[in-house]
2 protein chains.
Amino acid sequence: MMADFVAVDWGTSSFRLWVMARDGRLHGESRGPEGMSHCVTAGFAPVLAAHLARAEAPADLPILICGMAGARQGWFEAPYADLPAPITALAAKAVRLPGHLLADLPNPRDIRILPGLAQRDAAHPDVMRGEETQLFGLANQAIEGLVCLPGTHCKWANLQDGAVTGFASYITGELFDLLSRQSILRHAMPETYAIAPDDPDFLAAADQAMADPGLLTEALFPLRAGQLLDYRGREATQARLSGLLIGAEVGRQVAGNALKSVTLVGQQGLGALYAAVLTRAGLSMKTVDAENASRQGLLAAAREIWRF
Amino acid sequence: MMADFVAVDWGTSSFRLWVMARDGRLHGESRGPEGMSHCVTAGFAPVLAAHLARAEAPADLPILICGMAGARQGWFEAPYADLPAPITALAAKAVRLPGHLLADLPNPRDIRILPGLAQRDAAHPDVMRGEETQLFGLANQAIEGLVCLPGTHCKWANLQDGAVTGFASYITGELFDLLSRQSILRHAMPETYAIAPDDPDFLAAADQAMADPGLLTEALFPLRAGQLLDYRGREATQARLSGLLIGAEVGRQVAGNALKSVTLVGQQGLGALYAAVLTRAGLSMKTVDAENASRQGLLAAAREIWRF
């Protein structure tokens, strides 16, 4: 089978492109660090053109993009879709790039960007861009219920009858980076970052914070003092910081959610840390591959848009 | 009465010097932004010499310093004193600067640095440098009970029978700066920082976080989303961030402490925000001046050290 379209996951700091057939078969791929942050100054079209060439994508294929390229500060804004959002709503709100933005591409063609999702709830306002496509990839595989998508801004979403019905974002990953690199705690951190999911300090801190998420605010300065007064080494201090942050997040989600199982998107690195804490929270877990979820979501949306 | 000694409060980012008599009378003063961070590269002695000249301090006066100049990374380390610490213990652990460090001063003389305090408790390790001197200034005025010292790292201490018996530090002020200037939330913040203590968004957020300090972790990303989705403006978003952070801190302290009154050190700026939240927490409050507390503490320690 020939390739039918090009799928692109264009995040804040990463770019991934797949040349795909309508049956999901992969014909080529290319990836790089040219996320939105890079392209805001360097331009979007040249980056896309370079990756199309690298993946040897046929010149006439339409392109479907998800992620931050559709943010207001991205390439071309794809306004948010509202909840509850089934895949059809997402596909219907994809925006088509106007011709003047395609001037730098060797072969101007049908290029569309999928919208993000907005939760328009005054008490729990939230937004996502990119993760909605992974969620639709899961919905397309008949996955339902609570889904956890670890990352700089971890998302927790509910999938029901193929639609996203609600979600919550936590800046846990960003907080970890800010605290360990730029706050007073940096003086108590090791040079390199490598927390094992079975690290006893990580797990003990996660247990404490899950049981009492409010602990976080008072447990931060003592991380520095504990290292300074020789109660804990630098590696253990970093593991404890991560455990406190992830534990507080999981504690809030588990406390507010009656579900006993969760689908975890991504099982490497940060995903493995979340997996360890979710297990300790007593949740049964199904782990799925993050990239595959993106591809499946883009494929499902492409089928809606181009009717193949 | 003639001047008897020079008192210096040498913090991370500020320098304050007072020429004082044994009865507390002020004979001269000088201040500047040359805190420890500046002096680590620029040198400590030249900064001290310049301020001595500016305050027209008599050349033979002994000098007593408190604060970060005594940190390991400061001018000369004054190892921490342990709890429970009365003023006599603090004075006894003051270190005298060795002669080679005084070479850059026009008149080498008796210069001592007061130690900070360490709470050597594996479950609640903590340290302070500079605030202990303010606390002893209060103890010297017969103030007892819970004391709150707002700042980049806010301290809560218990004073009993003239001694510090325990304390807890929160990085609330630093977190506010990191989150509003360097995290995703910076996109939702106004250019300038000016939260009024009676700002309704500030107070509402403080009430929420006091009632449920664990809310903090899940309420951060929604600050950005709420501004993006037009539920709240930039000023209100910043006020809410501050309210959440201070409210969570006060909530933890009030929940864990049976005391119904508190002494607040500093009533301007950040101090006024803490005062507003402490009032809403139902605490009766006595406010005292931070600088005066430092001077009183240095005076009490100088009397112990030089027996005048």
# chains A, B, ... in the order shown; residues from 1 in each chain; ligands from 1
>>> interface_residues(of="chain A", to="chain B", cutoff="10 Å", atoms="only C-alpha atoms", output="PyMOL selection string")
chain A and resi 80+118-128+153-154+168-172+174-175+177-179+182-185+209-210+212-232+245-246+248-249+251-253
>>> residues_around(residues="Cys39 of chain B", least_positions_apart="6", cutoff="12 Å", atoms="only C-alpha atoms", output="PyMOL selection string")
chain B and resi 10-15+32-33+45-48+68-69+73-76
>>> write_last_selection(atoms="N, CA and C atoms", output="CSV table (one decimal), in the first residue's frame")
chain,number,residue,atom,x,y,z
B,10,TRP,N,24.6,41.3,57.8
B,10,TRP,CA,25.1,41.0,56.5
B,10,TRP,C,24.4,39.9,55.8
B,11,GLY,N,23.4,40.2,55.0
B,11,GLY,CA,22.5,39.1,54.5
B,11,GLY,C,23.0,38.7,53.1
B,12,THR,N,22.2,37.9,52.4
B,12,THR,CA,22.6,37.4,51.1
B,12,THR,C,22.6,38.5,50.1
B,13,SER,N,21.7,39.5,50.2
B,13,SER,CA,21.7,40.5,49.2
B,13,SER,C,21.6,41.9,49.8
B,14,SER,N,21.9,42.0,51.1
B,14,SER,CA,21.9,43.4,51.6
B,14,SER,C,22.9,43.5,52.8
B,15,PHE,N,23.3,44.7,53.0
B,15,PHE,CA,24.3,45.1,54.1
B,15,PHE,C,23.8,46.2,54.9
B,32,GLY,N,23.7,49.2,52.2
B,32,GLY,CA,23.9,49.0,50.7
B,32,GLY,C,23.5,47.6,50.3
B,33,PRO,N,23.6,47.4,49.0
B,33,PRO,CA,23.2,46.1,48.4
B,33,PRO,C,24.3,45.1,48.4
B,45,ALA,N,36.1,42.5,53.1
B,45,ALA,CA,36.8,43.5,53.9
B,45,ALA,C,36.6,44.9,53.2
B,46,PRO,N,36.8,45.0,51.9
B,46,PRO,CA,36.6,46.4,51.3
B,46,PRO,C,35.2,46.9,51.4
B,47,VAL,N,34.2,46.1,51.4
B,47,VAL,CA,32.8,46.5,51.6
B,47,VAL,C,32.6,47.0,53.0
B,48,LEU,N,33.1,46.3,53.9
B,48,LEU,CA,33.0,46.7,55.3
B,48,LEU,C,33.7,48.0,55.6
B,68,MET,N,24.6,36.0,56.7
B,68,MET,CA,25.3,35.1,55.7
B,68,MET,C,26.8,35.3,55.6
B,69,ALA,N,27.3,36.4,56.1
B,69,ALA,CA,28.8,36.5,56.1
B,69,ALA,C,29.4,35.4,56.9
B,73,GLN,N,30.1,29.5,52.7
B,73,GLN,CA,30.5,30.2,51.5
B,73,GLN,C,30.6,31.7,51.7
B,74,GLY,N,30.6,32.2,52.9
B,74,GLY,CA,30.7,33.6,53.2
B,74,GLY,C,32.1,34.1,53.5
B,75,TRP,N,32.2,35.0,54.5
B,75,TRP,CA,33.6,35.6,54.8
B,75,TRP,C,34.4,34.6,55.6
B,76,PHE,N,33.8,34.2,56.7
B,76,PHE,CA,34.5,33.3,57.6
B,76,PHE,C,33.4,32.5,58.3
>>> residues_around(residues="Glu29 of chain A", least_positions_apart="3", cutoff="6 Å", atoms="only C-alpha atoms", output="PDB file with N, CA and C atoms, in the first residue's frame")
ATOM      1  N   LEU A  17       7.992  13.245  12.758  1.00  0.00           N
ATOM      2  CA  LEU A  17       7.219  13.140  11.513  1.00  0.00           C
ATOM      3  C   LEU A  17       7.183  11.688  11.042  1.00  0.00           C
ATOM      4  N   TRP A  18       5.981  11.237  10.635  1.00  0.00           N
ATOM      5  CA  TRP A  18       5.836   9.874  10.110  1.00  0.00           C
ATOM      6  C   TRP A  18       5.101   9.925   8.768  1.00  0.00           C
ATOM      7  N   VAL A  19       5.621   9.192   7.801  1.00  0.00           N
ATOM      8  CA  VAL A  19       4.927   9.020   6.520  1.00  0.00           C
ATOM      9  C   VAL A  19       4.102   7.750   6.665  1.00  0.00           C
ATOM     10  N   ALA A  55      12.623  12.185   5.382  1.00  0.00           N
ATOM     11  CA  ALA A  55      11.775  10.984   5.469  1.00  0.00           C
ATOM     12  C   ALA A  55      11.398  10.489   4.074  1.00  0.00           C
TER      13      ALA A  55
END
>>> residues_around(residues="Ala281 of chain B", least_positions_apart="4", cutoff="9 Å", atoms="only C-alpha atoms", output="ChimeraX atom specification")
/B:207,210,250-251,254,276-277
>>> select_by_dssp(residues="segment 37-121 of chain A", states="alpha helix (DSSP H)", output="PyMOL selection string")
chain A and resi 37-42+45-54+87-92
>>> residues_around(residues="Asp161 of chain B", least_positions_apart="2", cutoff="8 Å", atoms="only C-alpha atoms", output="PyMOL selection string")
chain B and resi 139+144+159+163
>>> residues_around(residues="Val262 of chain B", least_positions_apart="5", cutoff="6 Å", atoms="only C-alpha atoms", output="PDB file with N, CA and C atoms, in the first residue's frame")
ATOM      1  N   LEU B 146       5.035  32.015  69.220  1.00  0.00           N
ATOM      2  CA  LEU B 146       5.266  31.829  67.787  1.00  0.00           C
ATOM      3  C   LEU B 146       5.630  33.150  67.110  1.00  0.00           C
ATOM      4  N   VAL B 147       6.725  33.122  66.337  1.00  0.00           N
ATOM      5  CA  VAL B 147       7.179  34.304  65.605  1.00  0.00           C
ATOM      6  C   VAL B 147       7.263  33.958  64.130  1.00  0.00           C
ATOM      7  N   MET B 285      -2.282  39.236  66.450  1.00  0.00           N
ATOM      8  CA  MET B 285      -0.966  39.519  65.924  1.00  0.00           C
ATOM      9  C   MET B 285      -0.324  40.728  66.562  1.00  0.00           C
TER      10      MET B 285
END
>>> closest_residue(among="B:Val164, B:Leu241, B:Leu283, B:Ala205", to="Ala89 of chain B", atoms="only C-alpha atoms")
B:Val164
>>> select_by_dssp(residues="segment 52-290 of chain A", states="strand (DSSP E)", output="count of residues only")
50
>>> closest_residue(among="B:Gly35, B:Ala196, B:Pro115, B:Arg72", to="Ala92 of chain B", atoms="only C-alpha atoms")
B:Pro115
>>> closest_residue(among="A:Arg234, A:Gly28, A:Val6, A:Trp156", to="Asp110 of chain A", atoms="only C-alpha atoms")
A:Val6
>>> residues_around(residues="Val288 of chain B", least_positions_apart="4", cutoff="12 Å", atoms="only C-alpha atoms", output="JSON, numbers by chain")
{"B": [134, 135, 137, 138, 141, 143, 147, 148, 149, 150, 262, 263, 264, 265, 266, 267, 268, 271, 272, 275, 292, 293, 294, 296]}
>>> atom_distance(atom1="atom CA of Ile63 of chain B", atom2="atom CA of Leu83 of chain B")
25.3 Å
>>> atom_distance(atom1="atom CA of Arg16 of chain A", atom2="atom CA of Lys155 of chain A")
20.3 Å
